Amino acid sequence: MTLMLIVAGCKKTVVNEAPGDRQIRFSLPGNIVYDSIYSLTGEQDNIHKFNIDYYDDVDSVIYSFYSSVQEGNTGTVELYNFTDSIPIAGSLMHVSRNEAIDFYQSGNLKAAFPHKEITLGLRLKGFVQGKFLNAVSGILYLYRK
């Protein structure tokens, strides 16, 4: 009986518990377009079977990449859900710097991801026929609380 009272009165105290990964990174494919129609990234480079629900305690999802465009061109880059053939809402970014490599970053996109497995890639579009626009070194960041 005394042993049960001692055990019942003990509280577990955790000191210096490792919080786990606070940032998870996924590389996204790069792409380049030379015209004014939409271009999608190749199937082999996309993120397959991505499901935001597989990652506990994620409170924000950010997409970033580097881009440059040929003189006189502008365009757009956005995350694309290949499974449902739709862009990820809020991921559209306008690229406008001429021939200078520039860094682009989205806002928090967590709420835009469906709660199921999808194939995730990019959709790019230039606005001037025959002039390039690219997106390279893309990273999808998942941040935990």
# chains A, B, ... in the order shown; residues from 1 in each chain; ligands from 1
>>> select_by_dssp(residues="chain A", states="strand (DSSP E or B)", output="PyMOL selection string")
chain A and resi 23-28+31-33+39-40+47-50+58-69+75-81+86-87+93-95+98+102-105+118-126+133-144
>>> closest_residue(among="A:Ser137, A:Asn98, A:Ser91, A:Gln44", to="Arg123 of chain A", atoms="only C-alpha atoms")
A:Ser91
>>> closest_residue(among="A:Gly130, A:Gly30, A:Pro114, A:Gly42", to="Ser67 of chain A", atoms="only C-alpha atoms")
A:Gly30
>>> closest_residue(among="A:Lys49, A:Arg25, A:His115, A:Arg97", to="Tyr66 of chain A", atoms="only C-alpha atoms")
A:Arg97
>>> closest_residue(among="A:Asn51, A:Gln70, A:Ser27, A:Thr119", to="Pro87 of chain A", atoms="only C-alpha atoms")
A:Thr119
>>> atom_distance(atom1="atom CA of Ser64 of chain A", atom2="atom CA of Pro29 of chain A")
11.7 Å
>>> residues_around(residues="Gly138 of chain A", least_positions_apart="6", cutoff="12 Å", atoms="only C-alpha atoms", output="PyMOL selection string")
chain A and resi 25-31+41+45-47+62-67+77-79+103-106+121-122
